[in-house]
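entry19.txt, holding compact mmCIF, C-alpha atoms and all ligand atoms:
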```txt
# COMPACT_ATOMS: atom_id res chain seq x y z
CA MET A 25 93.00 111.45 91.59
CA LYS A 26 94.05 114.23 89.25
CA TYR A 27 95.16 113.12 85.77
CA VAL A 28 93.46 109.78 86.39
CA ASP A 29 89.76 110.16 87.17
CA GLU A 30 88.94 112.58 84.38
CA TYR A 31 90.35 110.08 81.87
CA ARG A 32 88.06 107.31 83.14
CA ASP A 33 84.75 109.02 82.42
CA ARG A 34 82.44 106.24 81.20
CA GLU A 35 80.28 108.52 79.07
CA LEU A 36 83.22 110.07 77.28
CA ILE A 37 84.72 106.64 76.64
CA GLU A 38 81.40 105.57 75.12
CA THR A 39 81.36 108.69 72.95
CA VAL A 40 84.80 107.95 71.55
CA SER A 41 83.74 104.35 70.98
CA GLN A 42 80.73 105.55 68.93
CA GLU A 43 82.97 107.80 66.86
CA ILE A 44 85.35 104.91 66.15
CA LYS A 45 82.43 102.72 65.07
CA LYS A 46 81.19 105.46 62.79
CA ILE A 47 84.42 105.97 60.86
CA SER A 48 86.05 102.52 60.88
CA LYS A 49 85.59 100.80 57.49
CA LYS A 50 88.79 98.83 56.79
CA ASN A 51 89.69 95.64 58.63
CA ILE A 52 92.81 96.52 60.58
CA SER A 53 95.19 95.15 63.22
CA VAL A 54 96.92 97.43 65.66
CA MET A 55 99.36 96.40 68.34
CA GLU A 56 99.60 97.83 71.82
CA VAL A 57 103.27 97.40 72.52
CA CYS A 58 103.23 98.15 76.21
CA GLY A 59 102.00 95.79 78.93
CA GLY A 60 100.51 98.77 80.75
CA HIS A 61 98.21 99.32 77.78
CA THR A 62 97.26 95.63 77.65
CA MET A 63 96.27 95.83 81.32
CA ALA A 64 94.12 98.92 80.85
CA ILE A 65 92.40 97.51 77.74
CA HIS A 66 91.29 94.40 79.63
CA ARG A 67 90.61 96.06 82.94
CA PHE A 68 88.22 98.54 81.34
CA ALA A 69 87.02 96.03 78.69
CA LEU A 70 87.91 98.47 75.92
CA ASN A 71 88.22 95.61 73.42
CA THR A 72 84.48 95.03 73.80
CA MET A 73 83.76 98.63 72.81
CA LEU A 74 85.40 98.39 69.40
CA PRO A 75 83.82 97.38 66.09
CA ASP A 76 84.68 94.01 64.51
CA THR A 77 86.87 95.80 61.99
CA ILE A 78 89.54 96.45 64.61
CA ARG A 79 91.76 93.73 65.98
CA LEU A 80 94.03 94.54 68.93
CA LEU A 81 97.23 92.55 69.37
CA SER A 82 99.43 92.56 72.47
CA GLY A 83 103.11 93.12 71.92
CA PRO A 84 106.53 92.65 73.49
CA GLY A 85 106.39 95.51 75.97
CA CYS A 86 106.56 93.85 79.37
CA PRO A 87 110.19 93.94 80.55
CA VAL A 88 109.96 90.87 82.74
CA CYS A 89 108.33 88.88 79.93
CA VAL A 90 110.91 89.63 77.26
CA SER A 91 113.87 88.84 79.51
CA SER A 92 115.45 85.76 77.98
CA GLN A 93 115.68 82.43 79.68
CA SER A 94 119.49 82.64 79.69
CA PHE A 95 119.34 86.00 81.46
CA ILE A 96 117.25 84.46 84.25
CA ASP A 97 119.63 81.49 84.41
CA THR A 98 122.61 83.87 84.65
CA ALA A 99 121.02 85.81 87.53
CA VAL A 100 120.27 82.49 89.28
CA GLU A 101 123.93 81.42 88.98
CA TYR A 102 125.19 84.73 90.38
CA SER A 103 122.81 84.38 93.32
CA LYS A 104 124.57 81.17 94.33
CA ILE A 105 127.96 82.86 94.87
CA SER A 106 128.65 83.12 98.59
CA GLY A 107 128.38 86.62 100.02
CA MET A 108 126.32 87.77 97.05
CA ILE A 109 123.21 89.92 97.34
CA ILE A 110 120.86 90.12 94.36
CA ALA A 111 118.85 93.34 94.54
CA THR A 112 116.04 93.10 92.03
CA TYR A 113 112.70 94.49 90.92
CA GLY A 114 110.06 92.24 92.42
CA ASP A 115 108.51 90.51 89.43
CA LEU A 116 111.77 89.07 88.22
CA ILE A 117 112.26 86.72 91.14
CA ARG A 118 109.27 84.59 90.18
CA VAL A 119 110.23 84.02 86.54
CA PRO A 120 111.05 80.34 86.13
CA GLY A 121 114.47 79.82 84.59
CA SER A 122 115.66 76.57 83.01
CA HIS A 123 116.32 74.84 86.31
CA SER A 124 115.47 77.30 89.07
CA SER A 125 114.25 80.82 89.78
CA LEU A 126 115.53 83.57 92.03
CA GLU A 127 112.61 82.82 94.33
CA LYS A 128 113.70 79.19 94.67
CA GLU A 129 117.28 80.25 95.32
CA LYS A 130 116.01 82.59 98.00
CA SER A 131 114.29 79.72 99.75
CA ASN A 132 117.55 77.77 99.39
CA GLY A 133 119.29 80.50 101.37
CA SER A 134 120.53 82.96 98.74
CA ASP A 135 120.28 86.61 99.74
CA ILE A 136 117.78 88.05 97.28
CA ARG A 137 116.18 91.38 98.08
CA ILE A 138 113.32 93.07 96.32
CA ILE A 139 113.79 96.74 95.64
CA TYR A 140 111.46 99.33 94.17
CA SER A 141 114.18 101.69 92.97
CA VAL A 142 117.67 100.82 91.71
CA LEU A 143 118.98 103.44 94.15
CA GLU A 144 117.99 101.11 96.99
CA GLY A 145 120.36 98.54 95.48
CA LEU A 146 123.17 101.06 95.71
CA GLU A 147 122.27 101.79 99.33
CA ILE A 148 122.41 98.09 100.16
CA ALA A 149 125.93 97.99 98.66
CA ARG A 150 126.98 101.02 100.69
CA ALA A 151 125.63 99.51 103.90
CA ASN A 152 127.36 96.15 103.26
CA PRO A 153 130.89 96.99 102.07
CA GLU A 154 132.11 93.43 102.68
CA ARG A 155 129.39 91.97 100.44
CA THR A 156 128.70 92.20 96.71
CA VAL A 157 125.45 93.47 95.22
CA ILE A 158 124.24 92.67 91.70
CA PHE A 159 121.27 94.50 90.23
CA PRO A 160 119.67 92.69 87.25
CA GLY A 161 118.90 95.66 85.03
CA ILE A 162 115.69 95.03 83.13
CA GLY A 163 113.34 97.42 81.40
CA PHE A 164 113.12 99.66 78.38
CA GLU A 165 113.97 103.30 77.76
CA THR A 166 111.78 104.24 80.74
CA THR A 167 113.93 102.32 83.19
CA SER A 168 117.47 102.47 81.80
CA PRO A 169 117.97 106.17 82.72
CA ALA A 170 117.46 105.28 86.40
CA THR A 171 120.13 102.59 86.11
CA ALA A 172 122.47 104.99 84.31
CA ALA A 173 122.02 107.68 86.97
CA THR A 174 122.73 105.12 89.70
CA VAL A 175 125.87 103.79 88.03
CA ILE A 176 127.21 107.33 87.71
CA LYS A 177 126.42 107.94 91.36
CA ALA A 178 128.23 104.72 92.34
CA LYS A 179 131.29 105.76 90.38
CA ARG A 180 131.31 109.26 91.83
CA GLU A 181 130.97 107.90 95.36
CA ASN A 182 133.55 105.15 94.81
CA ILE A 183 131.21 102.31 95.63
CA SER A 184 132.99 99.30 94.18
CA ASN A 185 130.77 96.45 95.36
CA PHE A 186 127.72 97.35 93.23
CA PHE A 187 127.25 95.73 89.81
CA VAL A 188 124.69 95.87 87.02
CA LEU A 189 123.77 92.81 84.98
CA SER A 190 122.25 94.73 82.10
CA ALA A 191 119.43 93.35 80.01
CA HIS A 192 118.04 96.80 79.30
CA LYS A 193 116.33 96.93 75.95
CA ILE A 194 115.25 99.48 73.41
CA MET A 195 111.91 99.55 71.72
CA PRO A 196 112.10 100.59 68.03
CA PRO A 197 114.30 97.67 66.87
CA VAL A 198 111.85 95.09 68.22
CA MET A 199 108.87 96.90 66.67
CA LYS A 200 110.63 96.75 63.30
CA ALA A 201 111.71 93.15 63.85
CA LEU A 202 108.08 92.10 64.38
CA VAL A 203 106.99 93.64 61.12
CA GLU A 204 109.95 92.18 59.24
CA ASP A 205 109.10 88.86 60.85
CA GLY A 206 105.72 88.87 59.13
CA VAL A 207 103.38 90.06 61.88
CA ARG A 208 100.66 91.84 59.90
CA LEU A 209 99.99 95.25 61.33
CA ASN A 210 98.54 98.58 60.30
CA GLY A 211 99.77 100.51 63.27
CA PHE A 212 101.05 100.72 66.81
CA ILE A 213 99.64 102.13 70.01
CA ALA A 214 103.10 103.24 71.10
CA PRO A 215 104.30 103.19 74.70
CA GLY A 216 103.72 106.47 76.53
CA HIS A 217 106.44 106.36 79.15
CA VAL A 218 109.16 105.02 76.87
CA SER A 219 108.32 107.96 74.60
CA ALA A 220 108.41 110.43 77.53
CA ILE A 221 112.14 109.66 77.68
CA THR A 222 112.93 109.26 73.98
CA GLY A 223 110.53 111.71 72.38
CA SER A 224 108.29 110.81 69.45
CA VAL A 225 111.12 111.03 66.89
CA ILE A 226 112.25 107.44 67.46
CA TYR A 227 109.21 106.13 65.56
CA ASN A 228 109.58 108.33 62.48
CA ASP A 229 110.89 105.65 60.18
CA LEU A 230 108.17 103.20 61.23
CA ALA A 231 105.81 105.61 59.50
CA SER A 232 108.02 106.75 56.64
CA ARG A 233 109.79 103.49 55.75
CA TYR A 234 107.36 100.84 56.97
CA GLY A 235 104.14 102.70 56.23
CA LEU A 236 102.79 102.14 59.74
CA SER A 237 100.58 104.47 61.73
CA VAL A 238 101.92 105.27 65.20
CA VAL A 239 100.07 107.00 68.03
CA ILE A 240 101.82 107.48 71.38
CA SER A 241 99.21 106.86 74.04
CA GLY A 242 98.59 107.55 77.70
CA PHE A 243 97.44 104.77 80.02
CA GLU A 244 93.93 105.71 81.04
CA PRO A 245 90.96 104.23 79.15
CA LEU A 246 90.04 107.50 77.51
CA ASP A 247 93.65 107.96 76.35
CA ILE A 248 93.68 104.54 74.75
CA MET A 249 90.30 104.95 73.07
CA GLN A 250 91.36 108.31 71.67
CA SER A 251 94.61 106.78 70.42
CA ILE A 252 92.65 104.07 68.61
CA LEU A 253 90.43 106.75 67.08
CA MET A 254 93.52 108.64 65.89
CA LEU A 255 94.95 105.43 64.42
CA VAL A 256 91.70 104.62 62.62
CA ARG A 257 91.58 108.12 61.15
CA GLN A 258 95.16 107.79 59.88
CA ILE A 259 94.61 104.33 58.45
CA GLU A 260 91.29 105.20 56.79
CA ALA A 261 92.97 108.20 55.18
CA ALA A 262 95.98 106.03 54.21
CA HIS A 263 98.22 108.63 55.76
CA PRO A 264 100.63 106.92 58.16
CA GLN A 265 102.44 109.24 60.54
CA VAL A 266 103.58 109.58 64.14
CA GLU A 267 101.13 111.37 66.40
CA ILE A 268 101.14 112.02 70.13
CA GLN A 269 97.91 111.52 72.04
CA TYR A 270 99.69 111.64 75.42
CA LYS A 271 100.71 115.27 75.03
CA ARG A 272 100.58 116.01 78.74
CA VAL A 273 103.72 113.90 79.18
CA VAL A 274 105.31 113.30 75.76
CA ASN A 275 106.85 115.70 73.26
CA LYS A 276 109.00 115.35 70.15
CA GLU A 277 112.40 115.54 71.80
CA GLY A 278 111.85 113.70 75.08
CA ASN A 279 113.82 113.98 78.30
CA LYS A 280 117.29 115.20 77.31
CA ILE A 281 118.86 114.70 80.75
CA ALA A 282 117.78 111.07 80.78
CA GLN A 283 118.98 110.51 77.21
CA GLU A 284 122.40 111.95 78.00
CA LEU A 285 122.80 109.76 81.08
CA VAL A 286 121.95 106.64 79.06
CA ASN A 287 124.30 107.61 76.21
CA HIS A 288 127.07 108.23 78.70
CA VAL A 289 126.80 104.92 80.53
CA PHE A 290 125.56 102.45 77.91
CA ARG A 291 126.18 101.51 74.32
CA THR A 292 123.83 99.52 72.13
CA CYS A 293 124.43 95.82 71.62
CA ASN A 294 122.67 92.88 70.02
CA ASP A 295 120.29 91.39 72.53
CA ASP A 296 118.33 88.22 73.11
CA TRP A 297 114.54 88.51 73.51
CA ARG A 298 112.26 85.78 74.77
CA GLY A 299 110.41 84.36 71.79
CA LEU A 300 112.06 86.68 69.32
CA GLY A 301 115.70 85.68 69.60
CA MET A 302 118.64 87.95 68.83
CA ILE A 303 117.74 91.39 67.54
CA THR A 304 120.45 93.67 66.22
CA SER A 305 121.19 96.76 68.30
CA SER A 306 118.18 96.20 70.55
CA GLY A 307 119.90 96.14 73.94
CA LEU A 308 122.14 98.22 76.15
CA SER A 309 125.41 97.13 77.72
CA LEU A 310 127.78 99.16 79.89
CA CYS A 311 130.30 101.11 77.84
CA ASP A 312 134.05 100.86 78.47
CA GLU A 313 134.16 103.75 80.89
CA PHE A 314 131.75 101.91 83.19
CA ALA A 315 132.82 98.32 82.45
CA GLU A 316 133.99 97.92 86.05
CA PHE A 317 130.28 97.69 87.00
CA ASN A 318 129.78 94.63 84.82
CA PRO A 319 129.70 91.54 87.07
CA LYS A 320 131.08 89.42 84.22
CA ARG A 321 134.41 91.15 84.75
CA HIS A 322 134.64 89.98 88.34
CA PHE A 323 132.88 86.67 88.79
CA ARG A 324 133.02 83.41 86.90
CA ILE A 325 129.86 81.38 86.62
CA ASN A 326 128.76 78.43 84.53
CA VAL A 327 125.34 78.96 83.06
CA PRO A 328 123.67 75.62 82.29
CA GLU A 329 122.08 74.94 78.94
CA THR A 330 118.81 76.76 78.45
CA ILE A 331 115.56 74.81 78.60
CA GLU A 332 112.33 76.58 77.64
CA PRO A 333 109.23 75.79 79.73
CA LYS A 334 107.25 72.92 78.23
CA GLY A 335 104.25 73.90 76.14
CA CYS A 336 104.69 77.59 76.92
CA ILE A 337 103.94 79.78 73.92
CA CYS A 338 105.03 83.08 75.48
CA GLY A 339 107.23 83.71 72.46
CA ASN A 340 104.32 83.72 70.03
CA ILE A 341 102.18 85.71 72.45
CA LEU A 342 104.89 88.40 72.70
CA ARG A 343 104.86 88.64 68.90
CA GLY A 344 101.10 89.07 68.77
CA MET A 345 100.71 85.79 66.85
CA LYS A 346 98.83 83.93 69.61
CA THR A 347 96.70 84.84 72.61
CA PRO A 348 96.91 83.19 76.06
CA PRO A 349 93.78 81.00 75.62
CA ASP A 350 95.65 79.36 72.70
CA CYS A 351 98.05 77.90 75.28
CA LYS A 352 96.97 74.57 76.72
CA ASN A 353 98.56 75.43 80.08
CA PHE A 354 96.66 78.70 80.43
CA ALA A 355 94.58 78.88 83.64
CA LYS A 356 95.22 75.17 84.17
CA GLU A 357 98.79 74.29 85.12
CA CYS A 358 99.84 77.89 84.58
CA THR A 359 98.38 80.54 86.89
CA PRO A 360 99.80 83.67 88.53
CA MET A 361 100.27 81.66 91.75
CA ASN A 362 102.19 79.01 89.88
CA PRO A 363 103.52 80.55 86.66
CA MET A 364 105.16 78.31 84.08
CA GLY A 365 106.26 81.12 81.80
CA ALA A 366 107.32 84.74 82.12
CA CYS A 367 104.11 86.18 80.65
CA MET A 368 102.14 84.85 83.63
CA VAL A 369 104.49 86.36 86.23
CA SER A 370 104.38 90.09 85.82
CA SER A 371 101.06 91.86 86.31
CA GLU A 372 101.73 93.57 82.97
CA GLY A 373 102.27 90.21 81.28
CA THR A 374 99.68 89.29 78.68
CA CYS A 375 98.88 85.91 80.24
CA ALA A 376 98.54 87.42 83.72
CA THR A 377 96.25 90.14 82.35
CA TYR A 378 94.05 87.66 80.48
CA TYR A 379 93.92 85.50 83.60
CA LYS A 380 92.88 88.34 85.86
CA TYR A 381 90.12 89.60 83.56
CA ARG A 382 89.16 86.26 81.99
CA ASN A 383 85.49 86.34 82.94
CA MET B 8 107.34 96.92 87.73
CA CYS B 9 107.03 98.94 84.58
CA LEU B 10 104.04 101.06 85.44
CA GLY B 11 104.28 104.81 85.70
CA VAL B 12 101.74 106.86 87.62
CA PRO B 13 101.05 110.57 88.00
CA ALA B 14 102.13 111.83 91.42
CA ARG B 15 101.88 115.22 93.11
CA VAL B 16 105.06 116.76 94.50
CA ILE B 17 104.69 117.55 98.19
CA ARG B 18 108.25 118.61 99.00
CA VAL B 19 111.59 118.88 97.22
CA GLU B 20 114.91 118.26 98.96
CA ASP B 21 118.05 118.33 96.81
CA ASN B 22 117.75 115.51 94.32
CA GLU B 23 114.72 113.94 95.86
CA ALA B 24 111.03 114.70 96.22
CA LEU B 25 108.32 113.44 98.48
CA VAL B 26 105.34 112.73 96.22
CA ALA B 27 101.78 111.52 96.68
CA VAL B 28 99.85 109.06 94.54
CA GLY B 29 96.34 109.54 95.90
CA SER B 30 96.94 109.38 99.64
CA VAL B 31 100.05 107.18 99.50
CA GLU B 32 103.43 108.89 99.77
CA TYR B 33 106.60 107.86 97.96
CA LYS B 34 110.12 109.12 97.49
CA ALA B 35 110.99 110.10 93.94
CA SER B 36 114.52 110.67 92.72
CA LEU B 37 114.88 113.89 90.75
CA LEU B 38 118.11 112.85 89.02
CA LEU B 39 116.33 112.83 85.65
CA LEU B 40 114.50 116.17 85.87
CA GLU B 41 115.21 119.82 86.52
CA ASP B 42 113.13 122.61 88.01
CA ILE B 43 110.58 120.54 89.88
CA LYS B 44 108.66 122.33 92.59
CA GLU B 45 105.96 121.72 95.13
CA GLY B 46 102.54 121.24 93.54
CA ASP B 47 103.91 119.95 90.21
CA TYR B 48 102.74 116.59 88.93
CA ILE B 49 105.36 114.13 87.74
CA ILE B 50 105.26 110.59 86.35
CA LEU B 51 106.70 108.26 88.97
CA HIS B 52 108.36 105.14 87.60
CA ALA B 53 110.49 102.71 89.66
CA GLY B 54 111.37 105.39 92.20
CA PHE B 55 112.31 108.06 89.66
CA ALA B 56 110.44 111.10 88.41
CA ILE B 57 110.77 110.55 84.66
CA GLU B 58 108.79 113.50 83.29
CA LYS B 59 106.65 116.40 84.34
CA VAL B 60 102.91 116.38 83.56
CA ASP B 61 101.98 119.46 81.54
CA PRO B 62 98.70 120.87 82.91
CA VAL B 63 97.98 122.94 79.78
CA GLU B 64 98.30 119.95 77.44
CA ALA B 65 96.25 117.84 79.86
CA GLY B 66 93.42 120.36 79.55
CA GLU B 67 93.71 120.40 75.75
CA THR B 68 93.36 116.62 75.54
CA LEU B 69 90.19 116.72 77.62
CA LYS B 70 88.79 119.54 75.48
CA LEU B 71 89.20 117.33 72.42
CA PHE B 72 87.03 114.68 74.04
CA LEU B 73 84.37 117.22 74.81
CA GLU B 74 84.40 118.29 71.17
CA ILE B 75 83.71 114.77 69.97
CA GLU B 76 80.87 114.65 72.43
CA LYS B 77 79.28 117.70 70.82
CA ASP B 78 78.94 115.70 67.60
CA PHE B 79 76.81 113.20 69.52
CA PRO B 80 74.15 115.29 71.21
CA GLU B 81 72.20 112.40 72.68
S1 LIG C 1 99.76 80.55 79.93
FE1 LIG C 1 101.69 80.13 80.96
S2 LIG C 1 102.62 78.48 79.80
FE2 LIG C 1 101.01 79.37 78.51
S3 LIG C 1 102.08 80.95 77.30
FE3 LIG C 1 101.29 81.97 79.12
S4 LIG C 1 103.01 81.89 80.56
FE4 LIG C 1 103.46 80.38 78.96
```

Encoded form using structure tokens:
Amino acid sequence: MKYVDEYRDRELIETVSQEIKKISKKNISVMEVCGGHTMAIHRFALNTMLPDTIRLLSGPGCPVCVSSQSFIDTAVEYSKISGMIIATYGDLIRVPGSHSSLEKEKSNGSDIRIIYSVLEGLEIARANPERTVIFPGIGFETTSPATAATVIKAKRENISNFFVLSAHKIMPPVMKALVEDGVRLNGFIAPGHVSAITGSVIYNDLASRYGLSVVISGFEPLDIMQSILMLVRQIEAAHPQVEIQYKRVVNKEGNKIAQELVNHVFRTCNDDWRGLGMITSSGLSLCDEFAEFNPKRHFRINVPETIEPKGCICGNILRGMKTPPDCKNFAKECTPMNPMGACMVSSEGTCATYYKYRN
Amino acid sequence: MCLGVPARVIRVEDNEALVAVGSVEYKASLLLLEDIKEGDYIILHAGFAIEKVDPVEAGETLKLFLEIEKDFPE
């Protein structure tokens, strides 16, 4: 496949690995923020091709994983309202909430439908005017523009039975929060598709104010190895800056159409992250002009008190402080077939990735 | 759910494109992009084309790899 195969060339990957080994002197930790990067690193065993001086940490970049327990519980309560349809991205239904999951509610008779695109949710609403459809909006800057475009379409077409329960999140505040929280890092392998939307400018103060090296990376093994090489060069030269490795998709300014849609429909709000708690201005909620699409305006639910899964250390894993084998449930009680925590549900989740490539 | 993949545009109709990832075809909304035409490559994410793949830059990135390789003749 074009733009895939050429970036998986074993020999070239080995060459970049040799170059990294040659120049890496300092002991450093870099975090891959995005779950897609975590997957590629383990799938292609890139961690085994690095010198001992480099430690890779997985970060909070899997949307399903960072969704808070109370968000899952809220979606579960909405699903119990009669006549309700929950139209959701697939992974979310398996995340265990405090007392139930969307999957369990589905087997109890709730109407929960898996969609690939948020536009399908809108189509379900159009086809079922007597019913109500709620879309649990999860995802980062990559995904929120799709939700924004769909909300605008719903408004224009006067579809009044479609709602968005927004837990959309934005990336830079959580990256800063981690560092302020004491996670020791020299740099970030920054998410490629988030940056395609936002442009590279959103990371500027991570370099200038926090002294961190940032390289925006593509998702193929060669991309990631080159990004690590670029990070090592920056860190060895003590010259932190923002660089783009994934130039075929990312530029400085990003996708202006997508940014305008998001700014039109959403405003930033404080948001709750699994394992990290409330982070200032890290989430998106519908702005006043689109408040009619907020299900909270129309339906009353009682969300029970949150209970975190027993023994699950997802929170520390999302902060790069622990790895899945540190969890006593890992690959024992907790498996992708029977996940106890969110990080084992999504294929981009750190626990699911470690499980899949554990041997 | 959060993965984006490069896809080739087969056909464009209004705000939507038919795209191929390898031999599998998908619909991609074009609400986030302008000026997409047949033969372009886009990044497909959750049913939306989120950005165009720039063939010139793609070539430059690969050239860089080949340059490193020159330093390691064996
Ligand atoms: S292995 Fe399971 S229980 Fe342990 S941290 Fe991961 S998701 Fe939580």

Interface rows for chain A against ligand LIG 1 (chain C): nearest pair, Å to one decimal, 8 Å, only C-alpha atoms and all ligand atoms, as a tab-separated table:
```
residue	atom	partner	partner_atom	distance
A:Pro333	CA	C:LIG1	S2	7.1
A:Lys334	CA	C:LIG1	S2	7.4
A:Gly335	CA	C:LIG1	S2	6.1
A:Cys336	CA	C:LIG1	S2	3.7
A:Ile337	CA	C:LIG1	S3	4.0
A:Cys338	CA	C:LIG1	S3	4.1
A:Gly339	CA	C:LIG1	S3	7.6
A:Ile341	CA	C:LIG1	S3	6.8
A:Pro348	CA	C:LIG1	FE3	5.5
A:Pro349	CA	C:LIG1	S1	7.4
A:Asp350	CA	C:LIG1	FE2	7.9
A:Cys351	CA	C:LIG1	FE2	4.6
A:Lys352	CA	C:LIG1	FE2	6.5
A:Asn353	CA	C:LIG1	FE2	4.9
A:Phe354	CA	C:LIG1	S1	3.6
A:Ala355	CA	C:LIG1	S1	6.6
A:Glu357	CA	C:LIG1	FE1	7.7
A:Cys358	CA	C:LIG1	FE1	4.6
A:Thr359	CA	C:LIG1	FE1	6.8
A:Pro363	CA	C:LIG1	FE1	6.0
A:Met364	CA	C:LIG1	S2	5.0
A:Gly365	CA	C:LIG1	S4	3.6
A:Ala366	CA	C:LIG1	S4	5.4
A:Cys367	CA	C:LIG1	S4	4.4
A:Met368	CA	C:LIG1	S4	4.4
A:Val369	CA	C:LIG1	S4	7.4
A:Thr374	CA	C:LIG1	FE3	7.5
A:Cys375	CA	C:LIG1	FE3	4.8
A:Ala376	CA	C:LIG1	FE3	7.6
```

Give the answer as one residue: which of A:Leu70, A:Met199, A:Leu230, A:Ile221 has the shortest atom-to-atom distance to A:Arg343, using only C-alpha atoms? A:Met199

Quick one: distance from atom CA of A:Ile183 to atom CA of B:His52 in Å, one decimal?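 It comes out at 24.4 Å.
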
Counting all atoms listed in the file, which residues of chain B come no farther than 9 Å from chain A, as a count of residues only? 41

Which one of A:Val90, A:Leu80, A:Met55, A:Val175 sits closest to A:Ala315 if you count only C-alpha atoms?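 Among A:Val90, A:Leu80, A:Met55, A:Val175, it is A:Val175 that comes nearest to A:Ala315.
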
Pick from A:Leu253, A:Leu310, A:Val286, A:Ile259: nearest to B:Leu71, with only C-alpha atoms counted? A:Leu253

Would you mind telling me which residue in A:Ser91, A:Asn228, A:Asn326, A:Thr62 lies nearest to A:Gly373 when using only C-alpha atoms? A:Thr62

Find the spatial neighbours of A:Arg257, counting only C-alpha atoms, within a cut-off of 12 Å - ignore same-chain residues fewer than 3 positions away - and output them as a ChimeraX atom specification. /A:43-50,52,210-211,237-239,250-254,260-265,267

Is it possible to get the residues within 12 Å of (88.7, 94.2, 79.6) (coordinates as in the file, counting all atoms listed in the file) written as a PDB file with C-alpha atoms, in the coordinates of the input?
```
ATOM      1  CA  HIS A  61      98.210  99.320  77.780  1.00  0.00           C
ATOM      2  CA  THR A  62      97.260  95.630  77.650  1.00  0.00           C
ATOM      3  CA  MET A  63      96.270  95.830  81.320  1.00  0.00           C
ATOM      4  CA  ALA A  64      94.120  98.920  80.850  1.00  0.00           C
ATOM      5  CA  ILE A  65      92.400  97.510  77.740  1.00  0.00           C
ATOM      6  CA  HIS A  66      91.290  94.400  79.630  1.00  0.00           C
ATOM      7  CA  ARG A  67      90.610  96.060  82.940  1.00  0.00           C
ATOM      8  CA  PHE A  68      88.220  98.540  81.340  1.00  0.00           C
ATOM      9  CA  ALA A  69      87.020  96.030  78.690  1.00  0.00           C
ATOM     10  CA  LEU A  70      87.910  98.470  75.920  1.00  0.00           C
ATOM     11  CA  ASN A  71      88.220  95.610  73.420  1.00  0.00           C
ATOM     12  CA  THR A  72      84.480  95.030  73.800  1.00  0.00           C
ATOM     13  CA  MET A  73      83.760  98.630  72.810  1.00  0.00           C
ATOM     14  CA  LEU A  74      85.400  98.390  69.400  1.00  0.00           C
ATOM     15  CA  LEU A  80      94.030  94.540  68.930  1.00  0.00           C
ATOM     16  CA  PRO A 245      90.960 104.230  79.150  1.00  0.00           C
ATOM     17  CA  THR A 377      96.250  90.140  82.350  1.00  0.00           C
ATOM     18  CA  TYR A 378      94.050  87.660  80.480  1.00  0.00           C
ATOM     19  CA  TYR A 379      93.920  85.500  83.600  1.00  0.00           C
ATOM     20  CA  LYS A 380      92.880  88.340  85.860  1.00  0.00           C
ATOM     21  CA  TYR A 381      90.120  89.600  83.560  1.00  0.00           C
ATOM     22  CA  ARG A 382      89.160  86.260  81.990  1.00  0.00           C
ATOM     23  CA  ASN A 383      85.490  86.340  82.940  1.00  0.00           C
TER      24      ASN A 383
END
```

Between atom CA of A:Glu244 and atom CA of A:Asp29, what distance in Å does the model show, to one decimal?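 Separating atom CA of A:Glu244 from atom CA of A:Asp29 is a distance of 8.6 Å.
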